[in-house]
file run-v8.cif (mmCIF, C-alpha atoms)
data_target
#
loop_
_atom_site.label_atom_id
_atom_site.label_comp_id
_atom_site.auth_asym_id
_atom_site.auth_seq_id
_atom_site.Cartn_x
_atom_site.Cartn_y
_atom_site.Cartn_z
CA MET A 21 0.00 0.00 0.00
CA HIS A 22 2.71 2.44 -0.97
CA ILE A 23 1.01 5.81 -1.47
CA PRO A 24 2.35 7.56 -4.57
CA ASP A 25 2.80 11.33 -4.78
CA GLY A 26 -0.44 12.97 -5.82
CA PHE A 27 -2.84 10.84 -3.78
CA LEU A 28 -2.44 12.99 -0.71
CA SER A 29 -2.82 16.76 -0.57
CA LEU A 30 0.30 18.77 0.16
CA PRO A 31 -0.78 19.88 3.68
CA VAL A 32 -1.55 16.29 4.66
CA SER A 33 1.76 15.04 3.20
CA LEU A 34 3.76 17.74 4.96
CA GLY A 35 1.82 17.22 8.19
CA MET A 36 2.58 13.52 8.10
CA ILE A 37 6.27 14.22 7.49
CA GLY A 38 6.16 16.30 10.68
CA VAL A 39 4.32 13.67 12.70
CA THR A 40 6.60 10.91 11.44
CA SER A 41 9.70 12.94 12.28
CA ILE A 42 8.51 13.29 15.88
CA VAL A 43 7.80 9.55 16.05
CA GLY A 44 11.24 8.98 14.53
CA VAL A 45 13.02 11.06 17.15
CA ILE A 46 11.25 9.22 19.99
CA SER A 47 11.86 5.83 18.38
CA HIS A 48 15.50 6.65 17.81
CA ARG A 49 16.05 7.19 21.52
CA ARG A 50 14.57 3.78 22.24
CA LEU A 51 16.55 2.23 19.40
CA LYS A 52 19.77 3.54 20.94
CA ILE A 53 18.89 2.03 24.31
CA PHE A 54 17.90 -1.22 22.60
CA ILE A 55 21.16 -1.53 20.68
CA GLU A 56 23.37 -0.49 23.58
CA LYS A 57 21.68 -2.92 25.97
CA ASP A 58 22.01 -5.76 23.55
CA GLN A 59 24.68 -8.34 24.23
CA SER A 60 24.17 -10.76 21.37
CA ASN A 61 25.20 -8.46 18.52
CA ILE A 62 21.78 -7.94 17.06
CA VAL A 63 22.74 -5.26 14.51
CA PRO A 64 23.70 -7.66 11.66
CA LEU A 65 20.42 -9.47 12.18
CA MET A 66 18.56 -6.18 11.86
CA GLY A 67 20.32 -5.48 8.57
CA CYS A 68 19.49 -8.93 7.23
CA SER A 69 15.88 -8.53 8.33
CA ALA A 70 15.55 -5.23 6.49
CA GLY A 71 16.93 -6.90 3.37
CA PHE A 72 14.56 -9.82 3.80
CA ILE A 73 11.58 -7.47 4.14
CA PHE A 74 12.62 -5.62 1.00
CA ALA A 75 12.95 -8.89 -0.91
CA ALA A 76 9.65 -10.27 0.36
CA GLN A 77 7.84 -7.00 -0.44
CA MET A 78 8.68 -7.54 -4.11
CA LEU A 79 6.73 -10.79 -4.17
CA ASN A 80 3.15 -9.78 -4.89
CA PHE A 81 0.73 -12.63 -4.42
CA PRO A 82 -2.62 -12.61 -6.21
CA ILE A 83 -5.81 -12.29 -4.18
CA LEU A 84 -9.43 -12.01 -5.27
CA ALA A 85 -10.84 -9.86 -8.07
CA GLY A 86 -7.68 -9.04 -10.03
CA THR A 87 -5.89 -7.63 -7.04
CA SER A 88 -2.58 -8.51 -5.51
CA GLY A 89 -1.04 -7.98 -2.14
CA HIS A 90 2.42 -8.20 -0.74
CA PHE A 91 4.16 -8.90 2.52
CA LEU A 92 4.53 -5.82 4.72
CA GLY A 93 7.03 -7.06 7.25
CA ALA A 94 6.04 -4.83 10.16
CA ALA A 95 4.89 -7.81 12.21
CA PHE A 96 8.04 -9.71 11.33
CA ALA A 97 10.35 -6.87 12.37
CA THR A 98 8.34 -6.11 15.51
CA SER A 99 8.33 -9.68 16.75
CA LEU A 100 12.11 -9.84 16.37
CA PHE A 101 13.18 -6.39 17.55
CA GLY A 102 10.17 -4.58 19.01
CA PRO A 103 8.13 -1.71 17.54
CA PHE A 104 10.77 1.02 17.93
CA ALA A 105 13.43 -0.81 15.96
CA ALA A 106 10.78 -1.95 13.47
CA PHE A 107 10.10 1.72 12.72
CA PHE A 108 13.67 2.14 11.50
CA ILE A 109 13.78 -1.11 9.58
CA LEU A 110 10.56 -0.27 7.74
CA SER A 111 11.75 3.31 7.20
CA CYS A 112 14.93 2.09 5.52
CA VAL A 113 12.94 -0.21 3.24
CA LEU A 114 10.48 2.56 2.32
CA VAL A 115 13.16 5.20 1.74
CA ILE A 116 15.09 2.92 -0.61
CA GLN A 117 11.88 1.97 -2.43
CA ALA A 118 10.85 5.60 -2.87
CA LEU A 119 14.28 6.91 -3.91
CA PHE A 120 15.47 4.13 -6.17
CA PHE A 121 12.37 2.33 -7.39
CA ALA A 122 9.66 5.03 -7.45
CA ASP A 123 7.56 2.74 -5.25
CA GLY A 124 5.69 5.21 -3.07
CA GLY A 125 6.09 8.96 -3.42
CA LEU A 126 8.84 11.03 -1.89
CA VAL A 127 6.57 13.69 -0.39
CA ALA A 128 4.17 10.91 0.62
CA LEU A 129 7.06 9.17 2.37
CA GLY A 130 6.05 10.62 5.73
CA ALA A 131 2.56 9.17 5.36
CA ASN A 132 3.93 5.84 4.13
CA ILE A 133 6.34 5.53 7.03
CA PHE A 134 3.56 6.53 9.43
CA CYS A 135 1.18 3.85 8.14
CA MET A 136 3.65 1.03 7.66
CA GLY A 137 6.39 1.89 10.13
CA PHE A 138 4.31 3.17 13.04
CA VAL A 139 0.65 2.10 12.82
CA ALA A 140 1.45 -1.43 11.62
CA PRO A 141 4.11 -2.37 14.22
CA TRP A 142 2.13 -0.93 17.10
CA SER A 143 -1.17 -2.51 16.11
CA PHE A 144 0.70 -5.81 15.80
CA GLN A 145 2.24 -5.35 19.23
CA ILE A 146 -0.99 -4.37 20.97
CA ILE A 147 -3.29 -6.91 19.29
CA ARG A 148 -0.77 -9.70 19.74
CA GLN A 149 -0.33 -9.03 23.45
CA CYS A 150 -4.09 -8.79 24.03
CA ILE A 151 -4.80 -12.04 22.20
CA GLU A 152 -1.91 -13.79 23.90
CA LYS A 153 -3.35 -12.83 27.27
CA VAL A 154 -6.81 -14.09 26.36
CA THR A 155 -6.01 -17.27 24.43
CA LYS A 156 -2.59 -18.16 25.92
CA ASN A 157 -1.62 -19.30 22.44
CA SER A 158 1.38 -17.42 21.06
CA LYS A 159 1.06 -18.76 17.51
CA ILE A 160 -2.56 -17.66 17.09
CA ALA A 161 -1.63 -14.31 18.65
CA LEU A 162 1.24 -13.92 16.18
CA PHE A 163 -0.98 -14.69 13.21
CA LEU A 164 -3.81 -12.40 14.27
CA GLY A 165 -1.37 -9.65 15.24
CA ALA A 166 0.22 -9.81 11.79
CA TRP A 167 -3.22 -9.71 10.21
CA ALA A 168 -4.12 -6.66 12.30
CA SER A 169 -0.90 -4.87 11.31
CA VAL A 170 -1.90 -4.84 7.64
CA PHE A 171 -5.54 -4.16 8.38
CA PHE A 172 -4.97 -1.14 10.62
CA ALA A 173 -2.27 0.27 8.36
CA SER A 174 -4.77 0.21 5.50
CA LEU A 175 -7.37 1.96 7.67
CA ALA A 176 -4.83 4.67 8.54
CA CYS A 177 -4.13 5.05 4.83
CA SER A 178 -7.86 5.48 4.10
CA PHE A 179 -8.14 8.16 6.77
CA LEU A 180 -5.26 10.05 5.17
CA LEU A 181 -6.88 9.76 1.74
CA ALA A 182 -10.15 11.08 3.17
CA LEU A 183 -8.35 13.88 4.99
CA SER A 184 -6.75 14.92 1.70
CA GLY A 185 -10.14 15.02 0.02
CA THR A 186 -9.00 12.37 -2.48
CA ALA A 187 -11.67 9.82 -1.67
CA PRO A 188 -14.62 9.98 0.73
CA LEU A 189 -14.16 7.97 3.90
CA HIS A 190 -17.37 5.97 3.61
CA PRO A 191 -16.71 3.54 0.77
CA THR A 192 -12.91 3.86 0.81
CA LEU A 193 -12.50 2.74 4.40
CA PHE A 194 -14.66 -0.30 3.77
CA MET A 195 -12.95 -1.20 0.50
CA MET A 196 -9.41 -0.72 1.81
CA GLY A 197 -10.31 -2.65 4.93
CA SER A 198 -11.80 -5.60 3.09
CA VAL A 199 -8.97 -5.94 0.54
CA HIS A 200 -6.35 -5.69 3.24
CA ALA A 201 -8.23 -8.10 5.48
CA LEU A 202 -7.46 -10.66 2.76
CA ILE A 203 -3.87 -9.49 2.29
CA GLY A 204 -3.52 -9.73 6.08
CA ILE A 205 -4.09 -13.49 5.93
CA GLY A 206 -1.08 -13.78 3.62
CA GLU A 207 0.88 -11.50 5.92
CA GLY A 208 0.05 -13.70 8.91
CA LEU A 209 1.05 -16.88 7.10
CA ILE A 210 4.32 -15.45 5.74
CA THR A 211 5.26 -13.87 9.08
CA ALA A 212 4.62 -17.09 10.98
CA SER A 213 6.45 -19.29 8.49
CA ALA A 214 9.42 -16.90 8.18
CA LEU A 215 9.81 -16.77 11.97
CA LEU A 216 9.48 -20.55 12.26
CA PHE A 217 12.05 -21.01 9.51
CA LEU A 218 14.50 -18.71 11.26
CA GLN A 219 13.99 -20.51 14.53
CA LYS A 220 14.43 -23.94 12.94
CA ALA A 221 17.54 -22.74 11.12
CA ASN A 222 18.86 -21.52 14.45
CA VAL A 223 19.10 -17.92 13.27
CA VAL A 224 16.99 -16.63 16.14
CA GLN A 225 16.73 -18.40 19.43
CA VAL A 226 13.85 -16.49 20.91
CA LEU A 227 10.90 -15.24 18.94
CA GLU A 228 10.35 -12.33 21.22
CA THR A 229 12.92 -9.73 22.14
CA LYS A 230 11.33 -7.47 24.69
CA LEU A 231 12.08 -3.82 24.50
CA MET B 17 20.91 -27.81 14.85
CA LYS B 18 24.20 -26.34 13.69
CA PHE B 19 23.60 -26.55 10.00
CA TYR B 20 24.70 -23.07 9.05
CA LYS B 21 28.13 -21.84 9.94
CA ASN B 22 27.11 -18.25 9.71
CA LYS B 23 23.51 -17.57 10.58
CA TYR B 24 23.49 -14.07 9.14
CA ALA B 25 24.80 -15.35 5.83
CA ALA B 26 22.06 -17.95 5.82
CA PHE B 27 19.41 -15.31 6.40
CA PHE B 28 20.89 -13.12 3.68
CA LEU B 29 21.00 -16.05 1.28
CA LEU B 30 17.30 -16.65 1.94
CA SER B 31 16.55 -13.11 0.73
CA ILE B 32 18.72 -13.60 -2.37
CA PHE B 33 16.94 -16.88 -3.02
CA LEU B 34 13.54 -15.15 -2.78
CA ILE B 35 14.56 -12.49 -5.29
CA ILE B 36 16.17 -14.81 -7.82
CA CYS B 37 13.66 -17.62 -7.70
CA LEU B 38 10.36 -15.94 -6.90
CA SER B 39 10.42 -12.26 -7.90
CA PRO B 40 10.02 -12.96 -11.67
CA PHE B 41 6.78 -14.77 -10.81
CA ALA B 42 5.32 -12.02 -8.61
CA SER B 43 1.77 -10.98 -9.48
CA GLU B 44 1.51 -7.98 -11.82
CA LYS B 45 -2.01 -7.17 -10.66
CA PRO B 46 -2.59 -3.82 -8.90
CA ASP B 47 -2.07 -3.93 -5.15
CA GLY B 48 -4.80 -3.18 -2.60
CA LEU B 49 -4.44 0.60 -2.69
CA GLU B 50 -4.12 0.77 -6.50
CA TRP B 51 -7.20 -1.42 -6.84
CA VAL B 52 -9.28 0.88 -4.65
CA ALA B 53 -7.83 3.91 -6.44
CA GLY B 54 -8.80 2.41 -9.79
CA ILE B 55 -12.39 1.78 -8.72
CA LYS B 56 -12.84 5.08 -6.92
CA GLY B 57 -11.25 6.89 -9.85
CA PHE B 58 -8.28 8.60 -8.27
CA LEU B 59 -5.56 6.40 -9.72
CA HIS B 60 -4.77 9.08 -12.33
CA ARG B 61 -3.84 11.53 -9.57
CA GLY B 62 -0.75 9.51 -8.86
CA GLU B 63 0.27 9.60 -12.51
CA GLU B 64 -0.81 13.11 -13.58
CA ASN B 65 0.57 15.09 -10.71
CA PRO B 66 4.19 16.02 -11.19
CA SER B 67 6.29 13.70 -9.14
CA PHE B 68 8.64 15.45 -6.78
CA TRP B 69 11.32 12.92 -7.42
CA LYS B 70 12.17 12.08 -11.01
CA PHE B 71 15.59 10.57 -10.49
CA SER B 72 14.70 7.02 -9.51
CA PRO B 73 17.25 4.94 -11.40
CA MET B 74 14.98 1.91 -11.51
CA PRO B 75 11.30 2.92 -11.53
CA ASP B 76 9.01 -0.07 -10.97
CA TYR B 77 11.95 -2.37 -10.40
CA ALA B 78 13.10 -2.18 -14.00
CA ILE B 79 16.47 -1.21 -15.44
CA SER B 80 15.90 0.67 -18.67
CA PHE B 81 18.72 -0.82 -20.74
CA ILE B 82 17.92 -4.46 -19.95
CA SER B 83 15.09 -5.85 -22.02
CA SER B 84 14.51 -9.13 -20.19
CA LYS B 85 11.73 -8.61 -17.67
CA ALA B 86 12.88 -11.35 -15.33
CA LEU B 87 16.53 -10.30 -15.39
CA THR B 88 15.76 -6.64 -14.78
CA THR B 89 13.53 -7.48 -11.82
CA ILE B 90 16.13 -9.78 -10.29
CA LEU B 91 19.00 -7.31 -10.74
CA SER B 92 17.10 -4.34 -9.36
CA GLY B 93 15.87 -6.52 -6.50
CA LEU B 94 19.40 -7.58 -5.59
CA PHE B 95 20.54 -3.97 -5.78
CA GLY B 96 17.70 -2.90 -3.48
CA LEU B 97 18.43 -5.75 -1.10
CA LEU B 98 22.04 -4.63 -0.74
CA LEU B 99 21.06 -0.98 -0.34
CA THR B 100 18.40 -1.68 2.29
CA THR B 101 20.69 -3.93 4.30
CA ALA B 102 23.54 -1.44 4.11
CA MET B 103 21.35 1.50 5.10
CA THR B 104 19.89 -0.32 8.11
CA LEU B 105 23.35 -1.43 9.24
CA LEU B 106 24.61 2.12 8.88
CA ILE B 107 21.77 3.60 10.95
CA CYS B 108 22.19 0.96 13.66
CA LYS B 109 25.96 1.34 13.73
CA CYS B 110 25.62 5.11 14.05
CA SER B 111 23.02 4.71 16.79
CA LYS B 112 25.40 2.60 18.77
CA GLY B 113 27.35 5.70 19.70
CA LYS B 114 30.96 5.86 20.65
CA LYS B 115 32.09 3.30 23.14
CA ASN B 116 34.35 4.85 25.77
#
call {"tool": "encode", "arguments": {"input": "run-v8.cif", "output": "structure tokens"}}
result
Amino acid sequence: MHIPDGFLSLPVSLGMIGVTSIVGVISHRRLKIFIEKDQSNIVPLMGCSAGFIFAAQMLNFPILAGTSGHFLGAAFATSLFGPFAAFFILSCVLVIQALFFADGGLVALGANIFCMGFVAPWSFQIIRQCIEKVTKNSKIALFLGAWASVFFASLACSFLLALSGTAPLHPTLFMMGSVHALIGIGEGLITASALLFLQKANVVQVLETKL
Amino acid sequence: MKFYKNKYAAFFLLSIFLIICLSPFASEKPDGLEWVAGIKGFLHRGEENPSFWKFSPMPDYAISFISSKALTTILSGLFGLLLTTAMTLLICKCSKGKKN
């Protein structure tokens, strides 16, 4: 759901750049603490994860009605490194995509990072923890959290489109939500299988690194 | 299970594998947002409005002077993979601060 330039009005785009910068400054403080606290040399793993997310985002899978979706990776990054570090991993992916591949606009970058680097990781984190408390099943919580990350990011995107006057909220919110509810299933499956693969291959020992 | 000598290399190889083996087969259909934009009739706004950034070397994951669709996707993907990894490492390394 990379928003190209032109979908959002200039005030909304600039406003989102401002909001995202503030989120970035706060996240950066936490990222510093996270990296300095870490004993197991997590930085190379973060680099590899960013590369993996970039690679997996290229792989669009078809869903219903002539539409496709792709992996977002927010849930993946958050479950490995927490939401603050996920913000930076997703930001790197989105900046490279916007600058080098014209995937997502440059002025819309603030909005894109907000939706996919802030809304998605945090909705994953919150939904996952709530479901884990209720069901006591970490795998179901992981899947539903990953689903929620795509779903809520798409809702945030619809709100921004409505705020810009591009598309009215009423049908857009519903349409974006329903398409991304389907894409979210793919996200959940890919996130779960990627994490299981990494654990089986002994790349990560623990699925959850608490921040 | 100590199958891989270097776990980071294994992870990186997985990404390279994804790009080389799967990216040529990725769906060309519009993604969720483009689909909604097409139906609601604001897709043209993304194309008509002057883009603020016209210097993308590989728009839509294609290198202009390579005609093979699969090859151009794979090469641009590998390039992006390296760039993304390098940029993340750089940010994290800089965030580490100076150690005593």
call {"tool": "closest_residue", "arguments": {"input": "run-v8.cif", "among": "A:Phe138, A:Phe179, A:Phe120, A:Phe81", "to": "Gly96 in chain B", "atoms": "only C-alpha atoms"}}
result
A:Phe120
call {"tool": "resolve_selection", "arguments": {"input": "run-v8.cif", "expression": "the PyMOL selection byres ((chain B) within 6 of (chain A))", "output": "NGL selection string"}}
result
:B and (23 or 28 or 31 or 35 or 39 or 42-43 or 45-49 or 61-62 or 65 or 72-77 or 97 or 100-101 or 104-105 or 111)
call {"tool": "atom_distance", "arguments": {"input": "run-v8.cif", "atom1": "CA of Phe134 in chain A", "atom2": "CA of Ile146 in chain A"}}
result
16.5 Å
call {"tool": "closest_residue", "arguments": {"input": "run-v8.cif", "among": "B:Val52, B:Ala25, B:Pro40, B:Lys70", "to": "Ser84 in chain B", "atoms": "all atoms listed in the file"}}
result
B:Pro40
call {"tool": "resolve_selection", "arguments": {"input": "run-v8.cif", "expression": "the PyMOL selection byres ((chain A and resi 161-167) around 8)", "output": "count of residues only"}}
result
30
call {"tool": "resolve_selection", "arguments": {"input": "run-v8.cif", "expression": "the PyMOL selection byres ((chain B and resi 91) around 10)", "output": "PDB file with C-alpha atoms, in the frame of the given file"}}
result
ATOM      1  CA  ILE B  35      14.560 -12.490  -5.290  1.00  0.00           C
ATOM      2  CA  ILE B  36      16.170 -14.810  -7.820  1.00  0.00           C
ATOM      3  CA  TYR B  77      11.950  -2.370 -10.400  1.00  0.00           C
ATOM      4  CA  ALA B  78      13.100  -2.180 -14.000  1.00  0.00           C
ATOM      5  CA  ILE B  79      16.470  -1.210 -15.440  1.00  0.00           C
ATOM      6  CA  ILE B  82      17.920  -4.460 -19.950  1.00  0.00           C
ATOM      7  CA  ALA B  86      12.880 -11.350 -15.330  1.00  0.00           C
ATOM      8  CA  LEU B  87      16.530 -10.300 -15.390  1.00  0.00           C
ATOM      9  CA  THR B  88      15.760  -6.640 -14.780  1.00  0.00           C
ATOM     10  CA  THR B  89      13.530  -7.480 -11.820  1.00  0.00           C
ATOM     11  CA  ILE B  90      16.130  -9.780 -10.290  1.00  0.00           C
ATOM     12  CA  SER B  92      17.100  -4.340  -9.360  1.00  0.00           C
ATOM     13  CA  GLY B  93      15.870  -6.520  -6.500  1.00  0.00           C
ATOM     14  CA  LEU B  94      19.400  -7.580  -5.590  1.00  0.00           C
ATOM     15  CA  PHE B  95      20.540  -3.970  -5.780  1.00  0.00           C
ATOM     16  CA  GLY B  96      17.700  -2.900  -3.480  1.00  0.00           C
ATOM     17  CA  LEU B  97      18.430  -5.750  -1.100  1.00  0.00           C
TER      18      LEU B  97
END
call {"tool": "closest_residue", "arguments": {"input": "run-v8.cif", "among": "A:Ala131, A:Val154, A:Ala106, A:Leu215", "to": "Leu183 in chain A", "atoms": "all atoms listed in the file"}}
result
A:Ala131
call {"tool": "atom_distance", "arguments": {"input": "run-v8.cif", "atom1": "CA of Phe107 in chain A", "atom2": "CA of Ile37 in chain A"}}
result
14.1 Å
call {"tool": "closest_residue", "arguments": {"input": "run-v8.cif", "among": "A:Pro103, A:Gly130, A:Gly185, A:Gly206", "to": "Ile46 in chain A", "atoms": "all atoms listed in the file"}}
result
A:Pro103
call {"tool": "atom_distance", "arguments": {"input": "run-v8.cif", "atom1": "CA of Leu30 in chain B", "atom2": "CA of Pro141 in chain A"}}
result
23.0 Å
call {"tool": "closest_residue", "arguments": {"input": "run-v8.cif", "among": "A:Leu30, A:Ala176, A:Cys135, A:Leu181", "to": "Ala53 in chain B", "atoms": "only C-alpha atoms"}}
result
A:Leu181
call {"tool": "decode", "arguments": {"input": "run-v8.cif", "residues": "range 23-97 of chain A", "atoms": "C-alpha atoms", "output": "mmCIF file, in the first residue's frame"}}
result
data_model
loop_
_atom_site.group_PDB
_atom_site.id
_atom_site.type_symbol
_atom_site.label_atom_id
_atom_site.label_comp_id
_atom_site.auth_asym_id
_atom_site.auth_seq_id
_atom_site.Cartn_x
_atom_site.Cartn_y
_atom_site.Cartn_z
ATOM 1 C CA ILE A 23 1.010 5.813 -1.466
ATOM 2 C CA PRO A 24 2.354 7.561 -4.574
ATOM 3 C CA ASP A 25 2.802 11.335 -4.784
ATOM 4 C CA GLY A 26 -0.443 12.970 -5.824
ATOM 5 C CA PHE A 27 -2.843 10.838 -3.783
ATOM 6 C CA LEU A 28 -2.438 12.993 -0.708
ATOM 7 C CA SER A 29 -2.822 16.757 -0.567
ATOM 8 C CA LEU A 30 0.298 18.766 0.163
ATOM 9 C CA PRO A 31 -0.779 19.883 3.682
ATOM 10 C CA VAL A 32 -1.549 16.292 4.665
ATOM 11 C CA SER A 33 1.757 15.043 3.199
ATOM 12 C CA LEU A 34 3.760 17.744 4.960
ATOM 13 C CA GLY A 35 1.823 17.223 8.194
ATOM 14 C CA MET A 36 2.580 13.516 8.096
ATOM 15 C CA ILE A 37 6.270 14.220 7.494
ATOM 16 C CA GLY A 38 6.160 16.303 10.681
ATOM 17 C CA VAL A 39 4.321 13.671 12.702
ATOM 18 C CA THR A 40 6.596 10.911 11.442
ATOM 19 C CA SER A 41 9.696 12.941 12.276
ATOM 20 C CA ILE A 42 8.505 13.288 15.877
ATOM 21 C CA VAL A 43 7.803 9.551 16.046
ATOM 22 C CA GLY A 44 11.240 8.977 14.529
ATOM 23 C CA VAL A 45 13.018 11.062 17.148
ATOM 24 C CA ILE A 46 11.254 9.222 19.985
ATOM 25 C CA SER A 47 11.858 5.828 18.378
ATOM 26 C CA HIS A 48 15.504 6.655 17.814
ATOM 27 C CA ARG A 49 16.048 7.192 21.523
ATOM 28 C CA ARG A 50 14.569 3.785 22.240
ATOM 29 C CA LEU A 51 16.551 2.226 19.403
ATOM 30 C CA LYS A 52 19.767 3.540 20.942
ATOM 31 C CA ILE A 53 18.886 2.027 24.309
ATOM 32 C CA PHE A 54 17.897 -1.223 22.604
ATOM 33 C CA ILE A 55 21.158 -1.526 20.678
ATOM 34 C CA GLU A 56 23.369 -0.494 23.583
ATOM 35 C CA LYS A 57 21.681 -2.923 25.971
ATOM 36 C CA ASP A 58 22.006 -5.762 23.545
ATOM 37 C CA GLN A 59 24.680 -8.344 24.229
ATOM 38 C CA SER A 60 24.175 -10.757 21.366
ATOM 39 C CA ASN A 61 25.204 -8.456 18.517
ATOM 40 C CA ILE A 62 21.782 -7.939 17.056
ATOM 41 C CA VAL A 63 22.740 -5.258 14.507
ATOM 42 C CA PRO A 64 23.696 -7.658 11.661
ATOM 43 C CA LEU A 65 20.419 -9.474 12.183
ATOM 44 C CA MET A 66 18.558 -6.185 11.856
ATOM 45 C CA GLY A 67 20.321 -5.476 8.566
ATOM 46 C CA CYS A 68 19.490 -8.928 7.232
ATOM 47 C CA SER A 69 15.878 -8.533 8.332
ATOM 48 C CA ALA A 70 15.554 -5.234 6.486
ATOM 49 C CA GLY A 71 16.934 -6.901 3.370
ATOM 50 C CA PHE A 72 14.563 -9.819 3.799
ATOM 51 C CA ILE A 73 11.579 -7.475 4.143
ATOM 52 C CA PHE A 74 12.624 -5.618 0.998
ATOM 53 C CA ALA A 75 12.948 -8.889 -0.911
ATOM 54 C CA ALA A 76 9.652 -10.266 0.360
ATOM 55 C CA GLN A 77 7.836 -7.005 -0.443
ATOM 56 C CA MET A 78 8.682 -7.543 -4.109
ATOM 57 C CA LEU A 79 6.728 -10.786 -4.169
ATOM 58 C CA ASN A 80 3.152 -9.779 -4.890
ATOM 59 C CA PHE A 81 0.728 -12.632 -4.417
ATOM 60 C CA PRO A 82 -2.624 -12.609 -6.212
ATOM 61 C CA ILE A 83 -5.806 -12.294 -4.183
ATOM 62 C CA LEU A 84 -9.430 -12.015 -5.274
ATOM 63 C CA ALA A 85 -10.840 -9.859 -8.072
ATOM 64 C CA GLY A 86 -7.679 -9.044 -10.028
ATOM 65 C CA THR A 87 -5.888 -7.626 -7.038
ATOM 66 C CA SER A 88 -2.581 -8.508 -5.510
ATOM 67 C CA GLY A 89 -1.038 -7.981 -2.140
ATOM 68 C CA HIS A 90 2.418 -8.203 -0.737
ATOM 69 C CA PHE A 91 4.158 -8.900 2.519
ATOM 70 C CA LEU A 92 4.534 -5.823 4.718
ATOM 71 C CA GLY A 93 7.032 -7.063 7.252
ATOM 72 C CA ALA A 94 6.035 -4.832 10.161
ATOM 73 C CA ALA A 95 4.887 -7.810 12.208
ATOM 74 C CA PHE A 96 8.042 -9.713 11.329
ATOM 75 C CA ALA A 97 10.346 -6.871 12.369
#
